[in-house]
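Undergrad: Sharing model.txt here; it has compact mmCIF, C-alpha atoms and all ligand atoms.
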# COMPACT_ATOMS: atom_id res chain seq x y z
CA MET W 1 -134.08 9.41 -30.86
CA GLN W 2 -136.18 7.37 -28.45
CA THR W 3 -137.19 9.49 -25.47
CA THR W 4 -139.12 8.29 -22.49
CA GLU W 5 -139.63 9.56 -18.98
CA PRO W 6 -136.95 8.64 -16.47
CA LYS W 7 -137.74 5.57 -14.40
CA THR W 8 -139.37 6.10 -11.04
CA LYS W 9 -138.71 4.00 -7.92
CA GLU W 10 -141.62 1.69 -8.79
CA THR W 11 -140.30 0.98 -12.21
CA ILE W 12 -136.89 0.18 -10.75
CA MET W 13 -138.70 -2.49 -8.75
CA ASP W 14 -140.26 -3.77 -11.99
CA VAL W 15 -136.89 -3.81 -13.70
CA TRP W 16 -135.33 -5.56 -10.70
CA LYS W 17 -137.92 -8.32 -10.93
CA LYS W 18 -137.67 -8.81 -14.70
CA ARG W 19 -136.37 -12.25 -15.81
CA PRO W 20 -133.98 -12.63 -17.45
CA LEU W 21 -132.64 -9.27 -16.28
CA ILE W 22 -130.23 -7.93 -18.88
CA ILE W 23 -127.66 -5.29 -17.93
CA SER W 24 -125.27 -3.99 -20.56
CA GLY W 25 -123.05 -1.06 -21.37
CA PRO W 26 -119.40 -0.19 -21.62
CA CYS W 27 -116.74 -1.35 -19.19
CA SER W 28 -115.96 2.36 -18.70
CA ALA W 29 -117.74 5.60 -19.41
CA GLU W 30 -115.25 7.38 -21.70
CA THR W 31 -116.96 10.43 -23.22
CA GLU W 32 -120.45 11.88 -23.03
CA GLU W 33 -121.01 11.02 -26.68
CA GLN W 34 -119.97 7.40 -26.14
CA VAL W 35 -122.28 7.02 -23.13
CA LEU W 36 -125.25 8.52 -24.97
CA GLN W 37 -124.68 6.48 -28.11
CA SER W 38 -124.24 3.31 -26.07
CA ALA W 39 -127.54 3.91 -24.30
CA GLN W 40 -129.35 4.66 -27.56
CA GLN W 41 -127.99 1.61 -29.37
CA LEU W 42 -128.73 -0.63 -26.39
CA VAL W 43 -132.28 0.58 -25.91
CA ALA W 44 -132.83 0.10 -29.65
CA THR W 45 -132.10 -3.64 -29.29
CA GLY W 46 -135.27 -3.83 -27.18
CA MET W 47 -133.52 -6.43 -25.04
CA VAL W 48 -131.61 -4.43 -22.45
CA ASP W 49 -133.12 -3.50 -19.06
CA MET W 50 -130.34 -1.48 -17.48
CA LEU W 51 -127.29 0.50 -18.58
CA ARG W 52 -123.96 -0.19 -16.89
CA ALA W 53 -120.82 1.94 -17.06
CA GLY W 54 -117.73 2.06 -14.88
CA ILE W 55 -117.01 5.56 -13.61
CA TRP W 56 -114.20 4.65 -11.21
CA LYS W 57 -112.14 1.72 -12.48
CA PRO W 58 -110.10 -0.50 -10.15
CA ARG W 59 -107.17 -1.34 -12.44
CA THR W 60 -104.61 -4.02 -11.79
CA ARG W 61 -101.63 -1.75 -12.57
CA PRO W 62 -101.24 2.01 -12.04
CA GLY W 63 -101.02 4.15 -15.13
CA MET W 64 -103.91 2.41 -16.88
CA PHE W 65 -107.14 4.35 -17.47
CA GLU W 66 -108.68 4.60 -14.00
CA GLY W 67 -112.09 5.86 -14.99
CA ILE W 68 -113.42 9.25 -15.97
CA GLY W 69 -114.55 9.93 -12.39
CA THR W 70 -117.47 11.95 -11.08
CA LYS W 71 -117.72 14.10 -14.20
CA GLY W 72 -119.13 11.04 -16.00
CA LEU W 73 -122.14 10.78 -13.68
CA PRO W 74 -124.16 13.58 -15.38
CA TRP W 75 -123.61 11.74 -18.70
CA LEU W 76 -125.34 8.69 -17.24
CA GLN W 77 -128.09 10.88 -15.86
CA ARG W 78 -128.63 12.27 -19.33
CA ALA W 79 -128.51 8.81 -20.94
CA LYS W 80 -131.21 7.68 -18.52
CA LYS W 81 -133.34 10.72 -19.26
CA GLU W 82 -133.07 10.24 -23.01
CA THR W 83 -133.57 6.47 -23.18
CA GLY W 84 -135.47 5.55 -20.02
CA LEU W 85 -132.85 2.95 -19.16
CA PRO W 86 -132.02 2.88 -15.45
CA VAL W 87 -128.29 3.01 -14.77
CA THR W 88 -125.88 1.08 -12.61
CA VAL W 89 -122.36 2.00 -11.51
CA GLU W 90 -119.60 0.33 -9.49
CA VAL W 91 -118.80 1.91 -6.12
CA ALA W 92 -115.85 1.16 -3.87
CA THR W 93 -115.61 4.08 -1.42
CA ALA W 94 -117.95 6.19 0.70
CA LYS W 95 -117.32 9.22 -1.52
CA GLN W 96 -118.25 7.25 -4.64
CA VAL W 97 -121.48 6.10 -3.00
CA GLU W 98 -122.30 9.69 -2.10
CA ASN W 99 -121.60 10.94 -5.63
CA ALA W 100 -123.47 8.10 -7.33
CA LEU W 101 -126.55 8.70 -5.15
CA HIS W 102 -126.32 12.44 -5.73
CA PHE W 103 -126.53 11.85 -9.49
CA GLU W 104 -129.44 9.42 -9.07
CA VAL W 105 -127.72 6.22 -10.10
CA ASP W 106 -130.50 3.61 -9.83
CA VAL W 107 -128.53 0.54 -8.80
CA LEU W 108 -125.03 0.32 -7.32
CA TRP W 109 -122.70 -2.60 -7.71
CA ILE W 110 -119.73 -3.71 -5.67
CA GLY W 111 -116.84 -4.99 -7.78
CA ALA W 112 -114.84 -8.15 -7.28
CA ARG W 113 -111.78 -6.29 -6.02
CA THR W 114 -113.91 -4.57 -3.36
CA THR W 115 -115.91 -7.60 -2.20
CA VAL W 116 -112.57 -9.17 -1.33
CA ASN W 117 -111.81 -6.47 1.27
CA PRO W 118 -114.06 -6.29 4.36
CA PHE W 119 -112.75 -2.78 5.24
CA SER W 120 -113.89 -1.45 1.87
CA VAL W 121 -117.21 -3.28 1.95
CA GLN W 122 -117.86 -1.91 5.43
CA GLU W 123 -117.02 1.62 4.27
CA VAL W 124 -119.50 1.26 1.41
CA ALA W 125 -122.08 -0.27 3.77
CA ASP W 126 -121.74 2.63 6.23
CA ALA W 127 -122.18 5.13 3.41
CA LEU W 128 -125.31 3.28 2.29
CA LYS W 129 -127.10 3.58 5.66
CA GLY W 130 -130.51 5.11 5.11
CA ALA W 131 -130.24 4.93 1.31
CA ASP W 132 -133.00 3.24 -0.64
CA VAL W 133 -131.00 1.79 -3.50
CA PRO W 134 -130.60 -1.77 -4.75
CA VAL W 135 -127.06 -3.19 -4.62
CA LEU W 136 -125.50 -5.94 -6.70
CA ILE W 137 -122.51 -7.71 -5.20
CA LYS W 138 -119.93 -9.38 -7.41
CA ASN W 139 -118.10 -12.44 -6.18
CA PRO W 140 -114.67 -11.72 -4.66
CA VAL W 141 -111.66 -12.28 -6.96
CA ASN W 142 -110.59 -15.27 -4.88
CA PRO W 143 -112.73 -18.41 -4.69
CA ASP W 144 -114.12 -17.77 -1.20
CA VAL W 145 -117.87 -18.10 -0.70
CA GLU W 146 -117.58 -16.93 2.94
CA LEU W 147 -116.12 -13.60 1.84
CA TRP W 148 -118.95 -13.18 -0.65
CA MET W 149 -121.44 -13.98 2.13
CA GLY W 150 -119.68 -11.51 4.41
CA ALA W 151 -120.15 -8.70 1.88
CA VAL W 152 -123.85 -9.57 1.54
CA GLU W 153 -124.25 -9.50 5.32
CA ARG W 154 -122.50 -6.13 5.68
CA ILE W 155 -124.70 -4.54 3.01
CA ALA W 156 -127.85 -6.15 4.42
CA LYS W 157 -126.97 -4.88 7.92
CA ALA W 158 -126.78 -1.36 6.50
CA GLY W 159 -130.50 -1.70 5.79
CA ILE W 160 -130.31 -2.37 2.04
CA LYS W 161 -133.34 -4.49 1.15
CA LEU W 162 -132.70 -5.31 -2.48
CA ILE W 163 -129.46 -7.20 -2.87
CA GLY W 164 -128.46 -9.24 -5.90
CA LEU W 165 -125.41 -11.33 -6.74
CA ILE W 166 -123.15 -11.20 -9.78
CA HIS W 167 -120.99 -14.17 -10.69
CA ARG W 168 -117.93 -12.88 -12.61
CA GLY W 169 -115.51 -15.76 -12.05
CA PHE W 170 -112.39 -16.20 -9.91
CA SER W 171 -108.72 -15.41 -10.46
CA THR W 172 -106.47 -18.41 -10.99
CA PHE W 173 -102.75 -18.72 -11.52
CA GLY W 174 -101.54 -19.60 -15.01
CA ASN W 175 -103.28 -19.71 -18.34
CA THR W 176 -106.74 -21.15 -18.60
CA ASP W 177 -109.44 -20.79 -21.20
CA PHE W 178 -110.96 -18.10 -19.02
CA ARG W 179 -109.85 -14.70 -17.80
CA ASN W 180 -111.57 -15.62 -14.53
CA SER W 181 -112.41 -19.24 -13.99
CA PRO W 182 -116.18 -19.62 -13.51
CA MET W 183 -115.98 -22.35 -10.83
CA TRP W 184 -119.74 -22.72 -11.26
CA HIS W 185 -120.04 -24.82 -8.10
CA LEU W 186 -119.15 -21.79 -5.95
CA ALA W 187 -121.86 -19.64 -7.48
CA ILE W 188 -124.32 -22.53 -7.09
CA GLU W 189 -123.32 -22.84 -3.42
CA MET W 190 -123.91 -19.10 -3.01
CA LYS W 191 -127.29 -19.39 -4.71
CA LEU W 192 -128.29 -22.26 -2.44
CA ARG W 193 -127.35 -20.20 0.60
CA ASN W 194 -129.36 -17.21 -0.66
CA PRO W 195 -132.35 -18.75 -2.45
CA ASP W 196 -134.31 -15.49 -2.60
CA MET W 197 -131.49 -13.39 -3.99
CA MET W 198 -131.12 -12.93 -7.73
CA MET W 199 -127.95 -14.33 -9.25
CA ILE W 200 -126.82 -12.90 -12.53
CA CYS W 201 -123.82 -13.94 -14.59
CA ASP W 202 -121.15 -11.62 -16.00
CA PRO W 203 -119.75 -13.68 -18.87
CA SER W 204 -117.60 -10.73 -20.06
CA HIS W 205 -115.23 -10.89 -17.09
CA ILE W 206 -115.34 -14.69 -16.98
CA CYS W 207 -114.34 -14.99 -20.65
CA GLY W 208 -112.09 -11.98 -21.14
CA ARG W 209 -112.72 -12.40 -24.88
CA ARG W 210 -115.64 -12.02 -27.25
CA ASP W 211 -115.89 -15.41 -28.88
CA THR W 212 -116.86 -17.45 -25.83
CA ILE W 213 -119.42 -15.12 -24.26
CA LEU W 214 -122.42 -16.89 -25.81
CA GLU W 215 -121.30 -20.30 -24.54
CA VAL W 216 -120.87 -19.06 -20.96
CA ALA W 217 -124.11 -17.07 -21.06
CA GLN W 218 -125.96 -20.19 -22.25
CA GLN W 219 -124.48 -22.17 -19.39
CA ALA W 220 -125.72 -19.52 -16.95
CA SER W 221 -129.17 -19.86 -18.44
CA ASP W 222 -129.00 -23.65 -18.17
CA LEU W 223 -128.11 -23.25 -14.50
CA HIS W 224 -131.18 -21.09 -13.95
CA TYR W 225 -129.45 -17.75 -13.45
CA ASP W 226 -131.71 -14.72 -13.24
CA GLY W 227 -129.94 -12.61 -15.83
CA LEU W 228 -126.75 -11.35 -17.39
CA MET W 229 -124.41 -8.39 -17.19
CA ILE W 230 -122.54 -8.15 -20.49
CA GLU W 231 -120.09 -5.40 -21.44
CA SER W 232 -120.81 -3.70 -24.74
CA HIS W 233 -119.17 -0.83 -26.56
CA ILE W 234 -120.04 1.18 -29.65
CA ASP W 235 -116.50 0.57 -30.95
CA PRO W 236 -115.11 -2.35 -28.89
CA ASP W 237 -111.59 -2.40 -30.35
CA LYS W 238 -111.11 1.21 -29.32
CA ALA W 239 -112.44 0.77 -25.76
CA TRP W 240 -110.29 2.38 -23.05
CA SER W 241 -110.56 -0.70 -20.82
CA ASP W 242 -111.36 -4.39 -21.35
CA ALA W 243 -111.37 -3.96 -25.16
CA LYS W 244 -110.96 -7.67 -25.90
CA GLN W 245 -114.14 -8.73 -24.15
CA GLN W 246 -116.52 -5.99 -25.24
CA ILE W 247 -119.05 -6.53 -28.01
CA THR W 248 -121.14 -4.16 -30.10
CA PRO W 249 -124.79 -3.63 -29.18
CA SER W 250 -125.76 -5.43 -32.39
CA ARG W 251 -123.65 -8.48 -31.48
CA LEU W 252 -125.26 -8.32 -28.04
CA LYS W 253 -128.66 -8.48 -29.69
CA GLU W 254 -127.58 -11.54 -31.68
CA ILE W 255 -126.23 -13.27 -28.59
CA LEU W 256 -129.34 -12.53 -26.53
CA GLY W 257 -131.50 -13.74 -29.39
CA THR W 258 -129.58 -17.03 -29.53
CA ILE W 259 -129.58 -17.92 -25.83
CA ILE W 260 -132.26 -20.40 -24.88
CA TRP W 261 -133.79 -19.51 -21.53
CA ARG W 262 -135.04 -22.66 -19.88
CA ARG W 263 -137.75 -22.85 -17.27
CA GLU W 264 -137.06 -24.46 -13.92
CA ASP W 265 -140.53 -25.90 -13.61
CA ALA W 266 -142.84 -27.18 -16.26
CA SER W 267 -146.31 -27.72 -14.97
CA SER W 268 -147.75 -30.08 -17.59
CA GLU W 269 -148.85 -33.37 -16.04
CA GLU W 270 -147.18 -35.49 -18.66
CA PHE W 271 -143.87 -33.70 -18.16
CA GLN W 272 -144.17 -34.13 -14.39
CA ALA W 273 -144.99 -37.85 -14.72
CA VAL W 274 -141.98 -38.59 -16.91
CA LEU W 275 -139.73 -36.51 -14.70
CA GLU W 276 -141.04 -38.29 -11.59
CA LYS W 277 -140.24 -41.70 -13.10
CA LEU W 278 -136.72 -40.66 -13.98
CA ARG W 279 -136.22 -39.17 -10.52
CA GLN W 280 -137.34 -42.45 -8.96
CA GLN W 281 -134.69 -44.22 -11.02
CA ILE W 282 -132.10 -41.74 -9.79
CA ASN W 283 -133.20 -42.22 -6.17
CA HIS W 284 -133.02 -45.97 -6.57
CA LEU W 285 -129.55 -45.82 -8.12
CA ASP W 286 -128.35 -43.45 -5.40
CA ASP W 287 -129.56 -45.92 -2.75
CA GLU W 288 -127.70 -48.73 -4.48
CA LEU W 289 -124.55 -46.62 -4.71
CA MET W 290 -124.72 -45.90 -0.96
CA LYS W 291 -125.17 -49.59 -0.15
CA LEU W 292 -122.26 -50.51 -2.39
CA LEU W 293 -120.07 -47.85 -0.80
CA GLY W 294 -120.97 -49.22 2.63
CA GLN W 295 -120.00 -52.71 1.50
CA ARG W 296 -116.80 -51.40 0.00
CA MET W 297 -115.80 -49.85 3.32
CA LYS W 298 -116.54 -53.13 5.14
CA VAL W 299 -114.01 -54.80 2.83
CA ALA W 300 -111.59 -51.93 3.56
CA ASP W 301 -112.04 -52.69 7.27
CA LEU W 302 -111.07 -56.33 6.65
CA ILE W 303 -108.02 -55.22 4.69
CA GLY W 304 -107.10 -52.86 7.52
CA LYS W 305 -107.35 -55.69 10.01
CA TYR W 306 -105.25 -57.95 7.82
CA LYS W 307 -102.60 -55.27 7.25
CA LYS W 308 -102.48 -54.61 10.98
CA GLU W 309 -101.89 -58.27 11.77
CA ASN W 310 -99.07 -58.33 9.24
CA ASN W 311 -97.70 -54.89 10.11
CA ILE W 312 -98.12 -53.42 6.60
CA THR W 313 -98.70 -49.69 5.80
CA ILE W 314 -102.18 -48.46 4.90
CA LEU W 315 -101.09 -46.45 1.88
CA GLN W 316 -99.67 -48.45 -0.97
CA THR W 317 -98.85 -46.01 -3.73
CA ASN W 318 -98.37 -48.48 -6.59
CA ARG W 319 -101.66 -50.18 -5.95
CA TRP W 320 -103.44 -46.82 -5.85
CA ASN W 321 -101.84 -45.59 -9.09
CA SER W 322 -102.93 -48.70 -10.92
CA ILE W 323 -106.49 -48.39 -9.56
CA ILE W 324 -106.76 -44.80 -10.70
CA SER W 325 -105.37 -45.34 -14.19
CA ASN W 326 -107.79 -48.24 -14.73
CA ALA W 327 -110.59 -46.05 -13.45
CA PHE W 328 -109.80 -43.31 -15.99
CA LYS W 329 -110.04 -45.83 -18.83
CA LYS W 330 -113.30 -47.31 -17.59
CA GLY W 331 -114.69 -43.90 -16.77
CA GLU W 332 -113.99 -42.62 -20.25
CA LYS W 333 -115.93 -45.51 -21.79
CA LEU W 334 -118.83 -44.74 -19.46
CA GLY W 335 -118.84 -41.06 -20.31
CA LEU W 336 -117.45 -39.92 -16.93
CA SER W 337 -115.03 -37.00 -16.97
CA LYS W 338 -111.48 -37.41 -15.70
CA GLU W 339 -112.19 -34.62 -13.23
CA PHE W 340 -115.16 -36.45 -11.76
CA VAL W 341 -113.37 -39.82 -11.64
CA THR W 342 -110.45 -38.18 -9.83
CA LYS W 343 -112.68 -36.51 -7.26
CA TYR W 344 -114.73 -39.65 -6.72
CA TYR W 345 -111.72 -41.92 -6.28
CA ASP W 346 -109.97 -39.41 -4.01
CA ALA W 347 -113.04 -39.27 -1.79
CA VAL W 348 -113.46 -43.05 -1.71
CA HIS W 349 -109.76 -43.55 -1.10
CA MET W 350 -109.73 -41.05 1.77
CA GLU W 351 -112.74 -42.70 3.40
CA SER W 352 -111.07 -46.07 2.99
CA ILE W 353 -107.84 -44.81 4.59
CA ASN W 354 -109.83 -43.38 7.50
CA HIS W 355 -111.59 -46.71 8.00
CA GLN W 356 -108.29 -48.61 7.95
CA LYS W 357 -106.66 -46.06 10.25
CA LYS W 358 -109.42 -46.51 12.80
CA ILE W 359 -108.81 -50.25 12.77
CA MET W 360 -105.03 -49.81 13.06
CA ASP W 361 -105.48 -47.47 16.03
CA GLU W 362 -107.85 -49.83 17.87
C1 LIG M 401 -116.32 -4.25 -14.37
O1 LIG M 401 -117.48 -4.70 -14.28
O2 LIG M 401 -115.93 -3.54 -15.29
C2 LIG M 401 -115.35 -4.68 -13.35
C3 LIG M 401 -114.36 -3.92 -12.94
O3 LIG M 401 -115.60 -5.91 -12.96
P1 LIG M 401 -114.99 -6.86 -11.82
O4 LIG M 401 -115.25 -6.19 -10.51
O5 LIG M 401 -115.79 -8.09 -12.01
O6 LIG M 401 -113.54 -7.06 -12.14
MN MN M 402 -114.65 -4.40 -17.31
Just give me the structure as structure tokens.
TA:
Amino acid sequence: MQTTEPKTKETIMDVWKKRPLIISGPCSAETEEQVLQSAQQLVATGMVDMLRAGIWKPRTRPGMFEGIGTKGLPWLQRAKKETGLPVTVEVATAKQVENALHFEVDVLWIGARTTVNPFSVQEVADALKGADVPVLIKNPVNPDVELWMGAVERIAKAGIKLIGLIHRGFSTFGNTDFRNSPMWHLAIEMKLRNPDMMMICDPSHICGRRDTILEVAQQASDLHYDGLMIESHIDPDKAWSDAKQQITPSRLKEILGTIIWRREDASSEEFQAVLEKLRQQINHLDDELMKLLGQRMKVADLIGKYKKENNITILQTNRWNSIISNAFKKGEKLGLSKEFVTKYYDAVHMESINHQKKIMDE
């Protein structure tokens, strides 16, 4: 068995700064044996920086396994002592914060079902006052960046200095390929608003299944995420919660070994020169697009004037439907997704209607 000294505060800082930061462990702590074996198998991969395990589980329906509770905390303490892996646990109430800190949990995380509720986040924040512990904040279950920001602000106001973000996807109605739709743009928006905060991806809760975890994790890497939180279990099919999405530590090792971590900046001069040229092309094309859009709206103004003189409505549904179906065909040939073409045409159409409306109202 690999035995190292428990991490000190300084080494937690080192772990916090490591890129990519890899957090893994079971959805739930189930038994002491399972926690210890998980930690040993994960540390043996040589690729995991922190052990996660849910102690209190927020379950969708009552009667499901709701976590082993406080009695699991000494198991984590022991796992840390025996492997040197710092540990992280989800907290949702003041009492849970108190217990987690008492048992020297190194990093706390706030789950998606807690981030969504300002009362709960405030309770956790109040309990954290004066504590020197890093906190990771998952996105809320609903696609609301403001609510995510609100949770960050509450925790920051409590005096917590090290705050990180976890993107675990958003609930949607109906069946999709994902358990929680990633809606990458929302996480990117959050990252842009908090440029100094680490953003890690939790592909396990996004995917809800094992076979797509690599793909989503690679996308996170391509989008310059700072790390991953991936659920792993020594016997995934027998896991007491989230069995379908958990992977063995050895599969985790394979996945982590396959992901390509790209750099944001490459400093070689040649690379910079080529990139600069391509960026100039992009800038030039963007300028042209803006000019063309301006011209397009001038024509819309003329149409508006003409419709006004002849007392015709602005919106002509048939004409619009034919424009959009032609656009899909053309877009497909040009390699533009239907989603993008729809958004683009909707935006142009709306601007055009606003221009015409202004003329009509004059
Ligand atoms: C978890 O990490 O096991 C968990 C409950 O996640 P989330 O808050 O993202 O649902
Ligand atoms: Mn889980």
Undergrad: Can you check which parts of region 207-267 of chain W lie within 12 Å of region 154-171 of chain W? Per residue, the shortest pair of atoms and distance in Å to one decimal, counting all atoms listed in the file, sorted by chain and number, as JSON lines.
TA:
{"residue": "W:Cys207", "atom": "CA", "partner": "W:Gly169", "partner_atom": "CA", "distance": 8.7}
{"residue": "W:Gly208", "atom": "CA", "partner": "W:Arg168", "partner_atom": "CA", "distance": 10.4}
{"residue": "W:Ile213", "atom": "CA", "partner": "W:Arg168", "partner_atom": "CA", "distance": 12.0}
{"residue": "W:Val216", "atom": "CA", "partner": "W:Arg168", "partner_atom": "CA", "distance": 10.8}
{"residue": "W:Ala217", "atom": "CA", "partner": "W:His167", "partner_atom": "CA", "distance": 11.2}
{"residue": "W:Ala220", "atom": "CA", "partner": "W:His167", "partner_atom": "CA", "distance": 9.5}
{"residue": "W:Tyr225", "atom": "CA", "partner": "W:His167", "partner_atom": "CA", "distance": 9.6}
{"residue": "W:Asp226", "atom": "CA", "partner": "W:Leu165", "partner_atom": "CA", "distance": 9.7}
{"residue": "W:Gly227", "atom": "CA", "partner": "W:Ile166", "partner_atom": "CA", "distance": 9.2}
{"residue": "W:Leu228", "atom": "CA", "partner": "W:Ile166", "partner_atom": "CA", "distance": 8.4}
{"residue": "W:Met229", "atom": "CA", "partner": "W:Ile166", "partner_atom": "CA", "distance": 8.0}
{"residue": "W:Ile230", "atom": "CA", "partner": "W:Arg168", "partner_atom": "CA", "distance": 10.3}
{"residue": "W:Glu231", "atom": "CA", "partner": "W:Arg168", "partner_atom": "CA", "distance": 11.8}
Undergrad: When distances are computed from all atoms listed in the file, which of W:Lys17, W:Ser268, W:Tyr345, W:Glu98 shows the smallest separation from Asp196 (chain W)?
TA: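 Once distances to Asp196 (chain W) are computed over all atoms listed in the file, the minimum belongs to W:Lys17.
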Undergrad: Using only C-alpha atoms and all ligand atoms, what are the residues with an atom within 8 Å of ligand MN 402 (chain M), set out as a list of chain:residue names?
TA: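 Using only C-alpha atoms and all ligand atoms, I find these residues within 8 Å of ligand MN 402 (chain M): W:Pro26, W:Cys27, W:Ser28, W:Gly54, W:Ser204, W:His205, W:Glu231, W:Ser241, W:Asp242.
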Undergrad: Taking all atoms listed in the file into account, which of W:Arg296, W:His284, W:Lys18, W:His224 comes nearest Arg263 (chain W)?
TA: W:His224
Undergrad: To one decimal in Å, tell me the separation between CA of Gln37 (chain W) and CA of Trp56 (chain W).
TA: 20.0 Å
Undergrad: Have a look at W:Glu123, W:Asp49, W:Glu32, W:Glu269 and name the one nearest to Val107 (chain W); count only C-alpha atoms.
TA: W:Asp49
Undergrad: Restricting the calculation to all atoms listed in the file, which member of W:Ala187, W:Leu147, W:Leu128, W:Ile206 is positioned closest to ligand LIG 401 (chain M)?
TA: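 Of W:Ala187, W:Leu147, W:Leu128, W:Ile206, the one nearest ligand LIG 401 (chain M) is W:Ile206, counting all atoms listed in the file.
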Undergrad: Go through W:Asn142, W:Asn283, W:Ser24, W:Gln41 one by one, measure the shortest atom-to-atom distance of each to Val89 (chain W) using only C-alpha atoms, and give the residue with the smallest value.
TA: W:Ser24
Undergrad: One decimal, Å: what's the distance from CA of Arg262 (chain W) over to CA of Gln219 (chain W), could you say?
TA: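 Here the two named atoms are 10.6 Å from each other.
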Undergrad: Figure out the distance between CA of Gln77 (chain W) and atom O6 of ligand LIG 401 (chain M), please, to one decimal in Å.
TA: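 For atom O6 of ligand LIG 401 (chain M) relative to CA of Gln77 (chain W), the distance reads 23.4 Å.
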Undergrad: W:Gly150, W:Gly69, W:Gly46, W:Pro182: which is nearest Ile22 (chain W), counting all atoms listed in the file?
TA: W:Gly46
Undergrad: List the spatial neighbours of region 249-251 of chain W as JSON, numbers by chain - criterion: any atom at most 7 Å away, all atoms listed in the file, same-chain residues fewer than 6 positions off excluded.
TA: {"W": [41, 42, 232, 233, 234]}
Undergrad: Set the distance at 12 Å and use only C-alpha atoms: which residues neighbour Ile312 (chain W) once local chain neighbours fewer than 6 positions away are removed? I'd like the list as a ChimeraX atom specification.
TA: /W:303-306,356-357,360
Undergrad: Have region 338-355 of chain W completed to N, CA and C atoms, please, and pass it along as a PDB file, in the frame of the given file.
TA:
ATOM      1  N   LYS W 338    -112.674 -37.118 -16.490  1.00  0.00           N
ATOM      2  CA  LYS W 338    -111.480 -37.410 -15.700  1.00  0.00           C
ATOM      3  C   LYS W 338    -111.562 -36.671 -14.353  1.00  0.00           C
ATOM      4  N   GLU W 339    -112.080 -35.450 -14.429  1.00  0.00           N
ATOM      5  CA  GLU W 339    -112.190 -34.620 -13.230  1.00  0.00           C
ATOM      6  C   GLU W 339    -113.089 -35.304 -12.182  1.00  0.00           C
ATOM      7  N   PHE W 340    -114.234 -35.800 -12.678  1.00  0.00           N
ATOM      8  CA  PHE W 340    -115.160 -36.450 -11.760  1.00  0.00           C
ATOM      9  C   PHE W 340    -114.545 -37.735 -11.197  1.00  0.00           C
ATOM     10  N   VAL W 341    -113.947 -38.539 -12.085  1.00  0.00           N
ATOM     11  CA  VAL W 341    -113.370 -39.820 -11.640  1.00  0.00           C
ATOM     12  C   VAL W 341    -112.302 -39.547 -10.577  1.00  0.00           C
ATOM     13  N   THR W 342    -111.491 -38.512 -10.811  1.00  0.00           N
ATOM     14  CA  THR W 342    -110.450 -38.180  -9.830  1.00  0.00           C
ATOM     15  C   THR W 342    -111.065 -37.824  -8.485  1.00  0.00           C
ATOM     16  N   LYS W 343    -112.065 -36.954  -8.520  1.00  0.00           N
ATOM     17  CA  LYS W 343    -112.680 -36.510  -7.260  1.00  0.00           C
ATOM     18  C   LYS W 343    -113.325 -37.690  -6.533  1.00  0.00           C
ATOM     19  N   TYR W 344    -114.035 -38.522  -7.305  1.00  0.00           N
ATOM     20  CA  TYR W 344    -114.730 -39.650  -6.720  1.00  0.00           C
ATOM     21  C   TYR W 344    -113.742 -40.612  -6.071  1.00  0.00           C
ATOM     22  N   TYR W 345    -112.692 -40.968  -6.825  1.00  0.00           N
ATOM     23  CA  TYR W 345    -111.720 -41.920  -6.280  1.00  0.00           C
ATOM     24  C   TYR W 345    -110.969 -41.340  -5.094  1.00  0.00           C
ATOM     25  N   ASP W 346    -110.652 -40.033  -5.159  1.00  0.00           N
ATOM     26  CA  ASP W 346    -109.970 -39.410  -4.010  1.00  0.00           C
ATOM     27  C   ASP W 346    -110.841 -39.507  -2.769  1.00  0.00           C
ATOM     28  N   ALA W 347    -112.128 -39.234  -2.943  1.00  0.00           N
ATOM     29  CA  ALA W 347    -113.040 -39.270  -1.790  1.00  0.00           C
ATOM     30  C   ALA W 347    -113.162 -40.686  -1.235  1.00  0.00           C
ATOM     31  N   VAL W 348    -113.323 -41.657  -2.146  1.00  0.00           N
ATOM     32  CA  VAL W 348    -113.460 -43.050  -1.710  1.00  0.00           C
ATOM     33  C   VAL W 348    -112.170 -43.517  -1.030  1.00  0.00           C
ATOM     34  N   HIS W 349    -111.053 -43.138  -1.633  1.00  0.00           N
ATOM     35  CA  HIS W 349    -109.760 -43.550  -1.100  1.00  0.00           C
ATOM     36  C   HIS W 349    -109.562 -42.985   0.311  1.00  0.00           C
ATOM     37  N   MET W 350    -109.893 -41.703   0.471  1.00  0.00           N
ATOM     38  CA  MET W 350    -109.730 -41.050   1.770  1.00  0.00           C
ATOM     39  C   MET W 350    -110.595 -41.730   2.832  1.00  0.00           C
ATOM     40  N   GLU W 351    -111.830 -42.031   2.458  1.00  0.00           N
ATOM     41  CA  GLU W 351    -112.740 -42.700   3.400  1.00  0.00           C
ATOM     42  C   GLU W 351    -112.176 -44.074   3.776  1.00  0.00           C
ATOM     43  N   SER W 352    -111.633 -44.750   2.789  1.00  0.00           N
ATOM     44  CA  SER W 352    -111.070 -46.070   2.990  1.00  0.00           C
ATOM     45  C   SER W 352    -109.870 -46.002   3.946  1.00  0.00           C
ATOM     46  N   ILE W 353    -109.006 -44.988   3.710  1.00  0.00           N
ATOM     47  CA  ILE W 353    -107.840 -44.810   4.590  1.00  0.00           C
ATOM     48  C   ILE W 353    -108.299 -44.536   6.025  1.00  0.00           C
ATOM     49  N   ASN W 354    -109.325 -43.689   6.149  1.00  0.00           N
ATOM     50  CA  ASN W 354    -109.830 -43.380   7.500  1.00  0.00           C
ATOM     51  C   ASN W 354    -110.366 -44.624   8.202  1.00  0.00           C
ATOM     52  N   HIS W 355    -111.078 -45.459   7.433  1.00  0.00           N
ATOM     53  CA  HIS W 355    -111.590 -46.710   8.000  1.00  0.00           C
ATOM     54  C   HIS W 355    -110.428 -47.588   8.482  1.00  0.00           C
TER      55      HIS W 355
END
